[in-house]
Amino acid sequence: MDDLHDRLKAIEQEARKAAKEAAAQSIEAIRQVESRFLGKKGALTQIVRSVGKLPPEQRAEAGRLANDAKRLLTDVFATTRRGREAQAADEERREAAAYDPTLPGPVRPRGGVHPVTAVQWEVADVFERMGFIVETGPEMESEFNNFEALNVPSWHPARDIQDTFWLTNGLLLRTQTSSVQVRAMRKYGPPLRVVVPGRCFRNETVDASHETTFHQFEGFLVDRHISLASLKAFLQLMLREVFKRDVKIRIRPGYFPFVEPGLECDMSCLICGGVGCPTCKHEGWVEMGGSGMIHPNVLKHGGIDPHEYTGFAFGMGLTRLAMMKYGIADIRLINSGDLRGLIPPERLAGPALT
Ligand code: DAH
């Protein structure tokens with residue numbers, strides 16, 4: 001009998017310990033422990049059952065001990081369960097009290113426009129304020145508008161510089177926004193001031209500084225008495241407006257078949273302030289684009305008399321401008337989608353999509 005007593009004591013202790021541990025987890029865990037002791041195959045149930053096999057004179061005493069233990073454990077588990085239930089209810093009440101439906105929801109970071117788009121909008125805005133029309137043209141363009149009208153006939157070596165995506169329908173993907181020059185001249189007639197932001201395409205091998213798709217910003221002005229001085233003044237003004245300070249520009253001769261004279265236009269590198277860095281290839285200057293006085297042949301294609309009118313044109317890459325504006329030192333970030341490098345903190349205050 002002593003032996004039975006000890007066994008029951010041991011089971012009781014084990015059950016109390018297991019119940020306590022399960023209480024820290026869940027009600028379900030408590031139930032599992034309970035069935036381990038009191039279920040059909042439970043440790044205690046088996047002892048109760050074995051009482052029947054004892055000699056008759058021991059049965060009453062053993063039965064009493066076993067039933068006492070069973071009652072005790074049933075009680076232990078019920079109390080443990082109730083405690084856990086109360087605790088869960090309490091937690092729920094506290095959570096409900098902490099929830100304030102009048103508080104604003106979590107603030108999601110708002111998307112921002114890409115730096116190239118942002119700078120494009122800004123430059124277009126500056127030119128619009130100076131009386132320019134913002135014109136777009138088709139990305140799928142005719143050979144005439146993209147080349148021929150711009151004084152680049154089919155035999156011209158300049159075609160080789162602009163590796164072209166030729167389409168099977170006889171058209172091409174425009175290699176430059178200059179393709180809109182003659183379209184606009186024919187559409188509006190002189191005098192005219194037009195800017196053309198847009199995507200261009202070239203069949204380039206992609207590397208760290210070449211992409212098959214890129215963004216250009218074209219501008220041209222046709223009127224009487226237009227000279228290179230006007231061109232320089234407009235570019236200078238645009239840069240001052242976009243960068244909110246005077247930016248030095250450098251003009252040097254350059255060849256483009258659709259301008260005469262033709263110029264290359266550089267701006268002082270704003271990443272290093274002009275002293276030289278990897279972004280400007282240690283020159284202190286970055287190329288903005290090409291420009292010049294519109295070639296008489298182009299004006300003629302546009303239906304404009306070159307004896308009466310002159311005009312200037314320029315075309316620049318928007319990527320470099322965006323890099324200068326937002327301090328993006330590496331061109332690869334522009335198309336990478338890595339927002340950490342792409343969106344400097346001050347740009348988050350810029351135009352945002354809502
Ligand atoms: N379209 C030229 C290019 O893609 C850039 C350019 C040069 C545009 C001179 C012009 C210009 O309007 O006058 O390389």
# chains A, B, ... in the order shown; residues from 1 in each chain; ligands from 1
>>> select_by_dssp(residues="segment 53-267 of chain A", states="helix (DSSP H, G or I)", output="NGL selection string")
:A and (53 or 56-98 or 115-129 or 143-146 or 148-150 or 158-161 or 177-188 or 228-243)
>>> closest_atom_pairs(of="segment 228-340 of chain A", to="segment 189-209 of chain A", cutoff="8 Å", atoms="only C-alpha atoms", output="JSON lines")
{"residue": "A:Gly302", "atom": "CA", "partner": "A:Gly189", "partner_atom": "CA", "distance": 8.0}
{"residue": "A:Gly303", "atom": "CA", "partner": "A:Gly189", "partner_atom": "CA", "distance": 7.5}
{"residue": "A:Ile304", "atom": "CA", "partner": "A:Pro190", "partner_atom": "CA", "distance": 6.9}
{"residue": "A:Tyr309", "atom": "CA", "partner": "A:Pro190", "partner_atom": "CA", "distance": 7.8}
{"residue": "A:Ile331", "atom": "CA", "partner": "A:Ser209", "partner_atom": "CA", "distance": 6.7}
{"residue": "A:Arg332", "atom": "CA", "partner": "A:Ala208", "partner_atom": "CA", "distance": 6.2}
>>> select_by_dssp(residues="segment 114-242 of chain A", states="strand (DSSP E or B)", output="VMD selection string")
chain A and resid 133 to 134 140 to 141 166 172 to 173 192 to 201 207 210 213 to 223
>>> atom_distance(atom1="atom CA of Thr74 of chain A", atom2="atom CA of Glu91 of chain A")
25.9 Å
>>> closest_residue(among="A:Met293, A:Ala184, A:Leu172, A:Val134", to="Phe217 of chain A", atoms="only C-alpha atoms")
A:Val134
>>> residues_near_ligand(ligand="ligand 1", cutoff="6 Å", atoms="only C-alpha atoms and all ligand atoms", output="list in words")
Gln176, Ser178, Glu218, Phe256, Val259, Gly289, Gly290, Ser291, Gly292, Ala313, Phe314 and Gly315 of chain A
>>> residues_around(residues="segment 28-42 of chain A", least_positions_apart="4", cutoff="10 Å", atoms="only C-alpha atoms", output="count of residues only")
23
>>> closest_residue(among="A:Gln58, A:Asn297, A:Thr177, A:Thr45", to="Glu139 of chain A", atoms="only C-alpha atoms")
A:Thr177
>>> closest_residue(among="A:Arg245, A:His282, A:Arg252, A:His295", to="Phe220 of chain A", atoms="only C-alpha atoms")
A:His295
>>> atom_distance(atom1="atom CA of Arg174 of chain A", atom2="atom CA of Glu148 of chain A")
12.5 Å
>>> atom_distance(atom1="atom CA of Ile294 of chain A", atom2="atom CA of Gln216 of chain A")
17.9 Å
